[in-house]
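As structure tokens, the structure follows; a few thoughts come after it.
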Amino acid sequence: MNDNDNDQTTAEKELAAKNMRLAIVLGLIALGFYVGFILFYSI
Amino acid sequence: MSYAAVHEDEHHDHKPTGIGRWLFSTNHKDIGTMYLVFALIMFFIGGAMAMVIRLELFQPGMQYVDPQFFNSMTTVHALVMIFGALMPAGVGLANWMIPMMIGAPDMAFPRMNNMSFWILPFAFTLLLSTFFMQGGAPAGGWTMYPPLVLQLGNGFPFLIFAIHFLGISSIMGAINIIATVFNMRAPGMTFMRLPLFVWTWIITAFLLIAAMPVLAGAVTMLLTDKFFGTAFFNAAGGGDPVMFQHIFWFFGHPEVYILVLPSFGVVSQIIPTFARKPLFGYASMVYATASIAFLSFFVWAHHMFTVGMPLAGELFFMYATMAIAVPTGVKVFNWTATMWRGSMTFETPMLFAVGLLIMFTIGGFTGLMMGITPVDFQYHDTYFIVAHFHYVIVPGIIFGIIGGIYYWLPKWTGHMYDETLGKWHFWLSAISVNVLFFPMHFLGLAGMPRRIPDYSTQFTDWNQIISIGGFVFGVSQLILVWVVIKCVRGGEKATDQVWEGAHGLEFTLPSPPPYHSFTTPPEVTDATAHS
């Protein structure tokens, strides 16, 4: 039963890491649109 | 049907209590409820502003408000409705339904979900507080064109920061939805088995990620022009006011698809249920929705045909605008084909869905008319435009949201809503909405400009009819509040499946579903998992 708990925790950790990676990528895309538009029209 | 559905053990279904349950919620169902309640409140606030507008426009001359306040009413009515009612309602439906539809226990980022919601009351406090400031509330139109918007008084930074916060809320919500659907689907729930509502929300979320930052950039540039000596939109400093329009509408056109795609998703759930037939052309519906989203980035300047663009630009945007009608037409045909030879019943959700199908199409036809550049020179900035966008928004987007509420209320509450009241709500709304918005086409063609507090006397008769339609429509929406309260309090017990023709993982859960559902993921084995 302890092994199952550890597996579930490992799976949860992997899911959290996957979610965070995706969130960072999407956040950078959003930031890119924000900064990009301002910079594009500043230059 | 062969879902290995898991019915959760309600003995372990502990809900937090008190105000903390709501302030600190990380539960997608509670957060969905908060979004929907907030949206309903904002709908009535925006609606009250519309009532002021229609009261003033009942007769020519100024009777009730001064012109500046009238202009604030039109401006803030739009901002509140778009950002405070329509978008939060869509996110509320998404929060409630997406995890249940894909077999996930909750959203990917439950705490960020909470923050996304609680930003909204804060942002709207900022916006609505401008009514009490020197210079008043924003009054230059929801599109905030410079230089007029820069002439707003002390409320200007509050407007800008409200927009920033709304954007942050939407972007965080979009990230949450994409991560949830990409990473947390139940085993066997492949992308092409997803319900259409989930598909339309994935696509809407990508639109939000791309478009909301552009709006944020545009209003940041307004802020720096006003306070930090830049001249992005000031010709005297080497800038261009028309450039704001380009940047704004690069956000603005995807924004209208952000508003409508969730309602399209709701319709794609409702029609197969009440036709008792699978959705016609599932794959083509997915591709059509993706095409609409892709094309939406290439049509923005159809909002600006009269600014003096080169002919090549005008032609490009005209052709692109006509092209975007094609995938939209595919969706309308597929919904119609779904009903063809179906075993149809017309409960309230179906009435709203069919109403959307017919009346959104009317709005779409006028959109196509406006997309023909030379003809738009007559329509632009007249009531013809006002008629068009209210047709696609009110009997389009709003009927979709309301249809979704009626469709899923029994699932959320465990009780059937009052069908008689629901039908009264539908018919009063459907008739009054046409009395309200159809004559606006005539006014526009006759030359009545938009955004005016007073008009020439020859426009009086239609304005009076429109105002009466508006008052009836506004009062009719109180029926929805009554239906929701009555349903929450009690009613005939709803089954798990709720509707005879309903399919989908959410209809394998009890009504109401446990506080935490699908803590053990279901195994999706049936190829017709989606409806």
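Here, A, B, ... name the chains of the structure tokens in the order displayed, residue numbers run from 1 inside each chain, and ligands are numbered from 1 in the same displayed order.
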
Produce a table with one row for each residue of chain B that has an atom at most 10 Å from any atom of chain A, each row naming the nearest atom pair and its distance in Å at one decimal; use only C-alpha atoms; arrange rows by chain and rising residue number; format as JSON lines.
{"residue": "B:Ala108", "atom": "CA", "partner": "A:Asn19", "partner_atom": "CA", "distance": 6.7}
{"residue": "B:Phe109", "atom": "CA", "partner": "A:Asn19", "partner_atom": "CA", "distance": 8.1}
{"residue": "B:Ile168", "atom": "CA", "partner": "A:Ala30", "partner_atom": "CA", "distance": 9.9}
{"residue": "B:Ile171", "atom": "CA", "partner": "A:Ala30", "partner_atom": "CA", "distance": 7.7}
{"residue": "B:Met172", "atom": "CA", "partner": "A:Gly27", "partner_atom": "CA", "distance": 8.3}
{"residue": "B:Ala174", "atom": "CA", "partner": "A:Leu26", "partner_atom": "CA", "distance": 9.1}
{"residue": "B:Ile175", "atom": "CA", "partner": "A:Ala23", "partner_atom": "CA", "distance": 5.8}
{"residue": "B:Asn176", "atom": "CA", "partner": "A:Ala23", "partner_atom": "CA", "distance": 7.6}
{"residue": "B:Ile178", "atom": "CA", "partner": "A:Leu22", "partner_atom": "CA", "distance": 8.4}
{"residue": "B:Ala179", "atom": "CA", "partner": "A:Asn19", "partner_atom": "CA", "distance": 5.6}
{"residue": "B:Thr180", "atom": "CA", "partner": "A:Asn19", "partner_atom": "CA", "distance": 7.8}
{"residue": "B:Phe182", "atom": "CA", "partner": "A:Asn19", "partner_atom": "CA", "distance": 8.8}
{"residue": "B:Asn183", "atom": "CA", "partner": "A:Asn19", "partner_atom": "CA", "distance": 6.8}
{"residue": "B:Met184", "atom": "CA", "partner": "A:Leu15", "partner_atom": "CA", "distance": 8.1}
{"residue": "B:Phe206", "atom": "CA", "partner": "A:Leu26", "partner_atom": "CA", "distance": 8.8}
{"residue": "B:Leu208", "atom": "CA", "partner": "A:Ala30", "partner_atom": "CA", "distance": 8.7}
{"residue": "B:Ile209", "atom": "CA", "partner": "A:Ala30", "partner_atom": "CA", "distance": 5.3}
{"residue": "B:Ala210", "atom": "CA", "partner": "A:Ala30", "partner_atom": "CA", "distance": 6.0}
{"residue": "B:Ala211", "atom": "CA", "partner": "A:Phe33", "partner_atom": "CA", "distance": 7.9}
{"residue": "B:Met212", "atom": "CA", "partner": "A:Ala30", "partner_atom": "CA", "distance": 8.0}
{"residue": "B:Pro213", "atom": "CA", "partner": "A:Tyr34", "partner_atom": "CA", "distance": 4.6}
{"residue": "B:Val214", "atom": "CA", "partner": "A:Tyr34", "partner_atom": "CA", "distance": 5.4}
{"residue": "B:Leu215", "atom": "CA", "partner": "A:Tyr34", "partner_atom": "CA", "distance": 8.1}
{"residue": "B:Ala216", "atom": "CA", "partner": "A:Tyr34", "partner_atom": "CA", "distance": 6.7}
{"residue": "B:Gly217", "atom": "CA", "partner": "A:Tyr34", "partner_atom": "CA", "distance": 5.2}
{"residue": "B:Ala218", "atom": "CA", "partner": "A:Ile38", "partner_atom": "CA", "distance": 7.6}
{"residue": "B:Thr220", "atom": "CA", "partner": "A:Ile38", "partner_atom": "CA", "distance": 8.3}
{"residue": "B:Met221", "atom": "CA", "partner": "A:Ile38", "partner_atom": "CA", "distance": 7.2}
{"residue": "B:Thr230", "atom": "CA", "partner": "A:Ser42", "partner_atom": "CA", "distance": 9.3}
{"residue": "B:Ala231", "atom": "CA", "partner": "A:Ser42", "partner_atom": "CA", "distance": 9.4}
{"residue": "B:Phe232", "atom": "CA", "partner": "A:Tyr41", "partner_atom": "CA", "distance": 7.4}
{"residue": "B:Gly239", "atom": "CA", "partner": "A:Tyr41", "partner_atom": "CA", "distance": 9.3}
{"residue": "B:Met243", "atom": "CA", "partner": "A:Tyr41", "partner_atom": "CA", "distance": 8.9}
{"residue": "B:Ile247", "atom": "CA", "partner": "A:Phe37", "partner_atom": "CA", "distance": 8.2}

From stretch 272-406 of chain B, collect each residue whose DSSP state is alpha helix (DSSP H) and return the set as an mmCIF file with N, CA and C atoms, in the first residue's frame.
data_model
loop_
_atom_site.group_PDB
_atom_site.id
_atom_site.type_symbol
_atom_site.label_atom_id
_atom_site.label_comp_id
_atom_site.auth_asym_id
_atom_site.auth_seq_id
_atom_site.Cartn_x
_atom_site.Cartn_y
_atom_site.Cartn_z
ATOM 1 N N PRO B 272 -27.771 17.612 -30.562
ATOM 2 C CA PRO B 272 -27.801 16.136 -30.645
ATOM 3 C C PRO B 272 -28.645 15.498 -29.539
ATOM 4 N N THR B 273 -28.640 16.106 -28.348
ATOM 5 C CA THR B 273 -29.428 15.534 -27.248
ATOM 6 C C THR B 273 -30.904 15.536 -27.582
ATOM 7 N N PHE B 274 -31.418 16.674 -28.061
ATOM 8 C CA PHE B 274 -32.862 16.788 -28.258
ATOM 9 C C PHE B 274 -33.304 16.343 -29.645
ATOM 10 N N ALA B 275 -32.349 16.066 -30.527
ATOM 11 C CA ALA B 275 -32.677 15.414 -31.802
ATOM 12 C C ALA B 275 -32.488 13.898 -31.694
ATOM 13 N N TYR B 282 -18.813 15.399 -37.044
ATOM 14 C CA TYR B 282 -17.995 15.795 -35.890
ATOM 15 C C TYR B 282 -16.660 16.388 -36.327
ATOM 16 N N ALA B 283 -15.938 15.661 -37.201
ATOM 17 C CA ALA B 283 -14.593 16.117 -37.584
ATOM 18 C C ALA B 283 -14.663 17.463 -38.292
ATOM 19 N N SER B 284 -15.637 17.624 -39.188
ATOM 20 C CA SER B 284 -15.721 18.894 -39.921
ATOM 21 C C SER B 284 -16.090 20.035 -38.980
ATOM 22 N N MET B 285 -16.824 19.734 -37.908
ATOM 23 C CA MET B 285 -17.114 20.780 -36.923
ATOM 24 C C MET B 285 -15.840 21.235 -36.222
ATOM 25 N N VAL B 286 -14.985 20.275 -35.896
ATOM 26 C CA VAL B 286 -13.709 20.620 -35.253
ATOM 27 C C VAL B 286 -12.869 21.463 -36.202
ATOM 28 N N TYR B 287 -12.754 21.002 -37.468
ATOM 29 C CA TYR B 287 -11.918 21.730 -38.422
ATOM 30 C C TYR B 287 -12.505 23.104 -38.735
ATOM 31 N N ALA B 288 -13.831 23.195 -38.808
ATOM 32 C CA ALA B 288 -14.474 24.489 -39.087
ATOM 33 C C ALA B 288 -14.194 25.465 -37.953
ATOM 34 N N THR B 289 -14.294 24.991 -36.704
ATOM 35 C CA THR B 289 -14.032 25.872 -35.565
ATOM 36 C C THR B 289 -12.587 26.348 -35.586
ATOM 37 N N ALA B 290 -11.667 25.430 -35.867
ATOM 38 C CA ALA B 290 -10.248 25.810 -35.928
ATOM 39 C C ALA B 290 -10.010 26.792 -37.072
ATOM 40 N N SER B 291 -10.692 26.597 -38.193
ATOM 41 C CA SER B 291 -10.547 27.511 -39.339
ATOM 42 C C SER B 291 -11.049 28.900 -38.991
ATOM 43 N N ILE B 292 -12.200 28.957 -38.310
ATOM 44 C CA ILE B 292 -12.744 30.254 -37.903
ATOM 45 C C ILE B 292 -11.722 30.980 -37.041
ATOM 46 N N ALA B 293 -11.144 30.259 -36.082
ATOM 47 C CA ALA B 293 -10.173 30.881 -35.181
ATOM 48 C C ALA B 293 -8.944 31.370 -35.950
ATOM 49 N N PHE B 294 -8.449 30.535 -36.866
ATOM 50 C CA PHE B 294 -7.257 30.912 -37.650
ATOM 51 C C PHE B 294 -7.547 32.140 -38.503
ATOM 52 N N LEU B 295 -8.672 32.096 -39.218
ATOM 53 C CA LEU B 295 -9.006 33.204 -40.121
ATOM 54 C C LEU B 295 -9.294 34.494 -39.362
ATOM 55 N N LEU B 311 -6.339 50.653 -51.351
ATOM 56 C CA LEU B 311 -7.307 49.750 -51.964
ATOM 57 C C LEU B 311 -6.937 48.284 -51.779
ATOM 58 N N ALA B 312 -5.653 47.975 -51.923
ATOM 59 C CA ALA B 312 -5.212 46.585 -51.779
ATOM 60 C C ALA B 312 -5.572 46.044 -50.394
ATOM 61 N N GLY B 313 -5.385 46.881 -49.386
ATOM 62 C CA GLY B 313 -5.740 46.474 -48.024
ATOM 63 C C GLY B 313 -7.230 46.252 -47.881
ATOM 64 N N GLU B 314 -8.028 47.190 -48.404
ATOM 65 C CA GLU B 314 -9.480 47.074 -48.313
ATOM 66 C C GLU B 314 -9.953 45.777 -48.973
ATOM 67 N N LEU B 315 -9.381 45.473 -50.153
ATOM 68 C CA LEU B 315 -9.784 44.267 -50.875
ATOM 69 C C LEU B 315 -9.408 43.013 -50.101
ATOM 70 N N PHE B 316 -8.169 42.992 -49.575
ATOM 71 C CA PHE B 316 -7.720 41.809 -48.818
ATOM 72 C C PHE B 316 -8.684 41.518 -47.684
ATOM 73 N N PHE B 317 -9.012 42.561 -46.912
ATOM 74 C CA PHE B 317 -9.867 42.324 -45.746
ATOM 75 C C PHE B 317 -11.293 41.975 -46.152
ATOM 76 N N MET B 318 -11.742 42.491 -47.294
ATOM 77 C CA MET B 318 -13.065 42.127 -47.778
ATOM 78 C C MET B 318 -13.110 40.644 -48.134
ATOM 79 N N TYR B 319 -12.109 40.159 -48.888
ATOM 80 C CA TYR B 319 -12.105 38.756 -49.292
ATOM 81 C C TYR B 319 -11.964 37.838 -48.078
ATOM 82 N N ALA B 320 -11.088 38.217 -47.136
ATOM 83 C CA ALA B 320 -10.890 37.393 -45.941
ATOM 84 C C ALA B 320 -12.172 37.323 -45.114
ATOM 85 N N THR B 321 -12.892 38.448 -45.035
ATOM 86 C CA THR B 321 -14.133 38.489 -44.270
ATOM 87 C C THR B 321 -15.186 37.585 -44.912
ATOM 88 N N MET B 322 -15.250 37.595 -46.241
ATOM 89 C CA MET B 322 -16.195 36.705 -46.907
ATOM 90 C C MET B 322 -15.793 35.257 -46.683
ATOM 91 N N ALA B 323 -14.478 34.991 -46.659
ATOM 92 C CA ALA B 323 -14.010 33.607 -46.481
ATOM 93 C C ALA B 323 -14.390 33.057 -45.118
ATOM 94 N N ILE B 324 -14.362 33.912 -44.092
ATOM 95 C CA ILE B 324 -14.618 33.399 -42.747
ATOM 96 C C ILE B 324 -16.071 32.977 -42.582
ATOM 97 N N ALA B 325 -16.942 33.415 -43.473
ATOM 98 C CA ALA B 325 -18.341 32.985 -43.417
ATOM 99 C C ALA B 325 -18.491 31.520 -43.816
ATOM 100 N N VAL B 326 -17.509 30.982 -44.534
ATOM 101 C CA VAL B 326 -17.641 29.604 -45.042
ATOM 102 C C VAL B 326 -17.611 28.571 -43.904
ATOM 103 N N PRO B 327 -16.568 28.554 -43.058
ATOM 104 C CA PRO B 327 -16.618 27.570 -41.965
ATOM 105 C C PRO B 327 -17.771 27.809 -41.003
ATOM 106 N N THR B 328 -18.186 29.053 -40.854
ATOM 107 C CA THR B 328 -19.351 29.328 -40.005
ATOM 108 C C THR B 328 -20.593 28.698 -40.620
ATOM 109 N N GLY B 329 -20.690 28.787 -41.931
ATOM 110 C CA GLY B 329 -21.801 28.151 -42.625
ATOM 111 C C GLY B 329 -21.775 26.639 -42.487
ATOM 112 N N VAL B 330 -20.583 26.067 -42.497
ATOM 113 C CA VAL B 330 -20.439 24.614 -42.299
ATOM 114 C C VAL B 330 -21.079 24.224 -40.963
ATOM 115 N N LYS B 331 -20.810 25.020 -39.945
ATOM 116 C CA LYS B 331 -21.362 24.698 -38.619
ATOM 117 C C LYS B 331 -22.890 24.783 -38.636
ATOM 118 N N VAL B 332 -23.411 25.836 -39.253
ATOM 119 C CA VAL B 332 -24.868 25.995 -39.298
ATOM 120 C C VAL B 332 -25.505 24.827 -40.060
ATOM 121 N N PHE B 333 -24.891 24.449 -41.189
ATOM 122 C CA PHE B 333 -25.426 23.318 -41.954
ATOM 123 C C PHE B 333 -25.360 22.033 -41.142
ATOM 124 N N ASN B 334 -24.254 21.832 -40.422
ATOM 125 C CA ASN B 334 -24.105 20.585 -39.649
ATOM 126 C C ASN B 334 -25.105 20.511 -38.505
ATOM 127 N N TRP B 335 -25.390 21.647 -37.844
ATOM 128 C CA TRP B 335 -26.406 21.618 -36.802
ATOM 129 C C TRP B 335 -27.764 21.284 -37.390
ATOM 130 N N THR B 336 -28.042 21.873 -38.561
ATOM 131 C CA THR B 336 -29.313 21.594 -39.233
ATOM 132 C C THR B 336 -29.385 20.130 -39.639
ATOM 133 N N ALA B 337 -28.290 19.607 -40.195
ATOM 134 C CA ALA B 337 -28.265 18.202 -40.612
ATOM 135 C C ALA B 337 -28.410 17.270 -39.415
ATOM 136 N N THR B 338 -27.919 17.697 -38.263
ATOM 137 C CA THR B 338 -28.096 16.883 -37.049
ATOM 138 C C THR B 338 -29.574 16.710 -36.743
ATOM 139 N N MET B 339 -30.356 17.765 -36.975
ATOM 140 C CA MET B 339 -31.788 17.708 -36.674
ATOM 141 C C MET B 339 -32.561 16.932 -37.733
ATOM 142 N N THR B 348 -36.756 23.644 -23.179
ATOM 143 C CA THR B 348 -36.191 25.004 -23.185
ATOM 144 C C THR B 348 -34.772 25.092 -23.755
ATOM 145 N N PRO B 349 -33.840 24.194 -23.365
ATOM 146 C CA PRO B 349 -32.497 24.327 -23.959
ATOM 147 C C PRO B 349 -32.530 24.249 -25.483
ATOM 148 N N MET B 350 -33.368 23.369 -26.017
ATOM 149 C CA MET B 350 -33.445 23.201 -27.464
ATOM 150 C C MET B 350 -34.053 24.437 -28.115
ATOM 151 N N LEU B 351 -35.027 25.053 -27.444
ATOM 152 C CA LEU B 351 -35.615 26.286 -27.976
ATOM 153 C C LEU B 351 -34.539 27.359 -28.114
ATOM 154 N N PHE B 352 -33.722 27.508 -27.083
ATOM 155 C CA PHE B 352 -32.660 28.522 -27.159
ATOM 156 C C PHE B 352 -31.645 28.167 -28.232
ATOM 157 N N ALA B 353 -31.329 26.876 -28.375
ATOM 158 C CA ALA B 353 -30.347 26.467 -29.385
ATOM 159 C C ALA B 353 -30.879 26.726 -30.795
ATOM 160 N N VAL B 354 -32.123 26.377 -31.042
ATOM 161 C CA VAL B 354 -32.696 26.598 -32.378
ATOM 162 C C VAL B 354 -32.864 28.096 -32.627
ATOM 163 N N GLY B 355 -33.236 28.826 -31.571
ATOM 164 C CA GLY B 355 -33.327 30.282 -31.687
ATOM 165 C C GLY B 355 -31.991 30.882 -32.082
ATOM 166 N N LEU B 356 -30.911 30.372 -31.477
ATOM 167 C CA LEU B 356 -29.566 30.837 -31.833
ATOM 168 C C LEU B 356 -29.285 30.530 -33.290
ATOM 169 N N LEU B 357 -29.607 29.325 -33.697
ATOM 170 C CA LEU B 357 -29.314 28.893 -35.065
ATOM 171 C C LEU B 357 -29.930 29.861 -36.077
ATOM 172 N N ILE B 358 -31.192 30.226 -35.849
ATOM 173 C CA ILE B 358 -31.895 31.096 -36.805
ATOM 174 C C ILE B 358 -31.400 32.531 -36.687
ATOM 175 N N MET B 359 -31.350 33.038 -35.465
ATOM 176 C CA MET B 359 -31.081 34.473 -35.316
ATOM 177 C C MET B 359 -29.603 34.826 -35.414
ATOM 178 N N PHE B 360 -28.697 33.901 -35.022
ATOM 179 C CA PHE B 360 -27.281 34.150 -35.283
ATOM 180 C C PHE B 360 -27.051 34.208 -36.783
ATOM 181 N N THR B 361 -27.773 33.371 -37.528
ATOM 182 C CA THR B 361 -27.631 33.372 -38.993
ATOM 183 C C THR B 361 -28.067 34.708 -39.578
ATOM 184 N N ILE B 362 -29.135 35.300 -39.031
ATOM 185 C CA ILE B 362 -29.550 36.638 -39.488
ATOM 186 C C ILE B 362 -28.410 37.627 -39.243
ATOM 187 N N GLY B 363 -27.838 37.564 -38.046
ATOM 188 C CA GLY B 363 -26.697 38.440 -37.753
ATOM 189 C C GLY B 363 -25.519 38.168 -38.671
ATOM 190 N N GLY B 364 -25.330 36.909 -39.000
ATOM 191 C CA GLY B 364 -24.247 36.550 -39.912
ATOM 192 C C GLY B 364 -24.471 37.100 -41.312
ATOM 193 N N PHE B 365 -25.710 37.085 -41.757
ATOM 194 C CA PHE B 365 -26.010 37.643 -43.091
ATOM 195 C C PHE B 365 -25.674 39.129 -43.146
ATOM 196 N N THR B 366 -26.083 39.875 -42.093
ATOM 197 C CA THR B 366 -25.754 41.309 -42.111
ATOM 198 C C THR B 366 -24.247 41.513 -41.981
ATOM 199 N N GLY B 367 -23.575 40.601 -41.306
ATOM 200 C CA GLY B 367 -22.115 40.676 -41.237
ATOM 201 C C GLY B 367 -21.490 40.543 -42.614
ATOM 202 N N LEU B 368 -22.019 39.628 -43.388
ATOM 203 C CA LEU B 368 -21.529 39.442 -44.764
ATOM 204 C C LEU B 368 -21.792 40.697 -45.591
ATOM 205 N N MET B 369 -22.964 41.311 -45.377
ATOM 206 C CA MET B 369 -23.282 42.560 -46.087
ATOM 207 C C MET B 369 -22.247 43.634 -45.745
ATOM 208 N N MET B 370 -21.919 43.750 -44.464
ATOM 209 C CA MET B 370 -20.979 44.776 -44.028
ATOM 210 C C MET B 370 -19.562 44.485 -44.492
ATOM 211 N N THR B 373 -16.837 45.922 -48.845
ATOM 212 C CA THR B 373 -16.264 47.224 -48.487
ATOM 213 C C THR B 373 -17.048 48.440 -48.976
ATOM 214 N N PRO B 374 -17.370 48.537 -50.258
ATOM 215 C CA PRO B 374 -18.051 49.769 -50.686
ATOM 216 C C PRO B 374 -19.398 49.957 -50.009
ATOM 217 N N VAL B 375 -20.098 48.863 -49.706
ATOM 218 C CA VAL B 375 -21.399 48.985 -49.058
ATOM 219 C C VAL B 375 -21.229 49.373 -47.587
ATOM 220 N N ASP B 376 -20.112 48.921 -47.003
ATOM 221 C CA ASP B 376 -19.863 49.282 -45.614
ATOM 222 C C ASP B 376 -19.688 50.778 -45.455
ATOM 223 N N PHE B 377 -19.321 51.463 -46.519
ATOM 224 C CA PHE B 377 -19.200 52.916 -46.407
ATOM 225 C C PHE B 377 -20.548 53.545 -46.055
ATOM 226 N N GLN B 378 -21.634 52.878 -46.440
ATOM 227 C CA GLN B 378 -22.944 53.368 -46.020
ATOM 228 C C GLN B 378 -23.284 52.900 -44.597
ATOM 229 N N TYR B 379 -22.939 51.626 -44.278
ATOM 230 C CA TYR B 379 -23.370 51.055 -42.998
ATOM 231 C C TYR B 379 -22.545 51.546 -41.814
ATOM 232 N N TYR B 383 -26.768 52.628 -37.207
ATOM 233 C CA TYR B 383 -27.475 51.614 -36.431
ATOM 234 C C TYR B 383 -27.532 50.261 -37.126
ATOM 235 N N PHE B 384 -27.148 50.219 -38.406
ATOM 236 C CA PHE B 384 -27.076 48.917 -39.083
ATOM 237 C C PHE B 384 -26.026 48.042 -38.408
ATOM 238 N N ILE B 385 -24.915 48.666 -38.050
ATOM 239 C CA ILE B 385 -23.846 47.937 -37.346
ATOM 240 C C ILE B 385 -24.335 47.497 -35.969
ATOM 241 N N VAL B 386 -25.018 48.408 -35.281
ATOM 242 C CA VAL B 386 -25.534 48.097 -33.943
ATOM 243 C C VAL B 386 -26.488 46.904 -34.030
ATOM 244 N N ALA B 387 -27.335 46.899 -35.066
ATOM 245 C CA ALA B 387 -28.255 45.776 -35.265
ATOM 246 C C ALA B 387 -27.481 44.476 -35.468
ATOM 247 N N HIS B 388 -26.475 44.535 -36.368
ATOM 248 C CA HIS B 388 -25.683 43.324 -36.661
ATOM 249 C C HIS B 388 -25.090 42.727 -35.400
ATOM 250 N N PHE B 389 -24.322 43.540 -34.664
ATOM 251 C CA PHE B 389 -23.594 42.903 -33.561
ATOM 252 C C PHE B 389 -24.511 42.519 -32.416
ATOM 253 N N HIS B 390 -25.645 43.242 -32.271
ATOM 254 C CA HIS B 390 -26.563 42.782 -31.233
ATOM 255 C C HIS B 390 -27.271 41.496 -31.629
ATOM 256 N N TYR B 391 -27.507 41.285 -32.924
ATOM 257 C CA TYR B 391 -28.084 40.004 -33.343
ATOM 258 C C TYR B 391 -27.119 38.860 -33.070
ATOM 259 N N VAL B 392 -25.832 39.037 -33.367
ATOM 260 C CA VAL B 392 -24.925 37.913 -33.111
ATOM 261 C C VAL B 392 -24.643 37.753 -31.624
ATOM 262 N N PHE B 399 -28.120 33.615 -26.019
ATOM 263 C CA PHE B 399 -29.039 32.471 -26.084
ATOM 264 C C PHE B 399 -28.260 31.165 -25.908
ATOM 265 N N GLY B 400 -27.054 31.112 -26.416
ATOM 266 C CA GLY B 400 -26.232 29.915 -26.214
ATOM 267 C C GLY B 400 -25.912 29.714 -24.744
ATOM 268 N N ILE B 401 -25.507 30.792 -24.076
ATOM 269 C CA ILE B 401 -25.181 30.695 -22.653
ATOM 270 C C ILE B 401 -26.408 30.290 -21.855
ATOM 271 N N ILE B 402 -27.546 30.940 -22.137
ATOM 272 C CA ILE B 402 -28.779 30.629 -21.404
ATOM 273 C C ILE B 402 -29.214 29.200 -21.698
ATOM 274 N N GLY B 403 -29.101 28.786 -22.958
ATOM 275 C CA GLY B 403 -29.421 27.396 -23.307
ATOM 276 C C GLY B 403 -28.567 26.426 -22.497
ATOM 277 N N GLY B 404 -27.283 26.753 -22.372
ATOM 278 C CA GLY B 404 -26.390 25.908 -21.582
ATOM 279 C C GLY B 404 -26.789 25.864 -20.118
ATOM 280 N N ILE B 405 -27.221 27.012 -19.598
ATOM 281 C CA ILE B 405 -27.654 27.050 -18.202
ATOM 282 C C ILE B 405 -28.865 26.141 -18.005
ATOM 283 N N TYR B 406 -29.863 26.258 -18.873
ATOM 284 C CA TYR B 406 -31.045 25.380 -18.743
ATOM 285 C C TYR B 406 -30.660 23.917 -18.925
#

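Remark: for B:Val524, the closest of the candidate residues B:Ile102, B:Val483, B:Ala94, B:Val80 is B:Ile102 (distances computed over only C-alpha atoms).
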
Excluding B:Glu56 and its own-chain neighbours fewer than 3 positions away, which residues fall within 10 Å of it when counting only C-alpha atoms? Please give them as a PyMOL selection string.
chain B and resi 50-53+59-67+70+453-454+467

Since we have the selection now, will you write its residues out, keeping C-alpha atoms, as a PDB file, in the first residue's frame?
ATOM      1  CA  ALA B  50     -29.128  49.636 -21.714  1.00  0.00           C
ATOM      2  CA  MET B  51     -32.456  50.563 -20.135  1.00  0.00           C
ATOM      3  CA  VAL B  52     -31.142  54.096 -19.501  1.00  0.00           C
ATOM      4  CA  ILE B  53     -30.032  54.280 -23.131  1.00  0.00           C
ATOM      5  CA  GLN B  59     -38.095  60.294 -27.878  1.00  0.00           C
ATOM      6  CA  PRO B  60     -35.920  62.840 -29.686  1.00  0.00           C
ATOM      7  CA  GLY B  61     -34.532  65.543 -27.436  1.00  0.00           C
ATOM      8  CA  MET B  62     -32.797  65.072 -24.109  1.00  0.00           C
ATOM      9  CA  GLN B  63     -35.209  64.123 -21.348  1.00  0.00           C
ATOM     10  CA  TYR B  64     -33.466  62.158 -18.627  1.00  0.00           C
ATOM     11  CA  VAL B  65     -29.657  62.312 -18.797  1.00  0.00           C
ATOM     12  CA  ASP B  66     -27.025  64.702 -20.122  1.00  0.00           C
ATOM     13  CA  PRO B  67     -25.132  63.735 -23.306  1.00  0.00           C
ATOM     14  CA  PHE B  70     -25.409  58.965 -22.082  1.00  0.00           C
ATOM     15  CA  PRO B 453     -27.851  60.703 -27.383  1.00  0.00           C
ATOM     16  CA  ASP B 454     -30.337  62.581 -29.585  1.00  0.00           C
ATOM     17  CA  SER B 467     -37.251  50.931 -26.718  1.00  0.00           C
TER      18      SER B 467
END

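In this structure, atom CA of B:Phe165 sits 6.6 Å away from atom CA of B:Ile119.
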
Can you pull out every residue within 6 Å of stretch 432-445 of chain B, counting only C-alpha atoms, but drop anything in the same chain fewer than 2 positions away, and send it as a PyMOL selection string?
chain B and resi 382-384+387+428-430+447-448+466+469-470+473
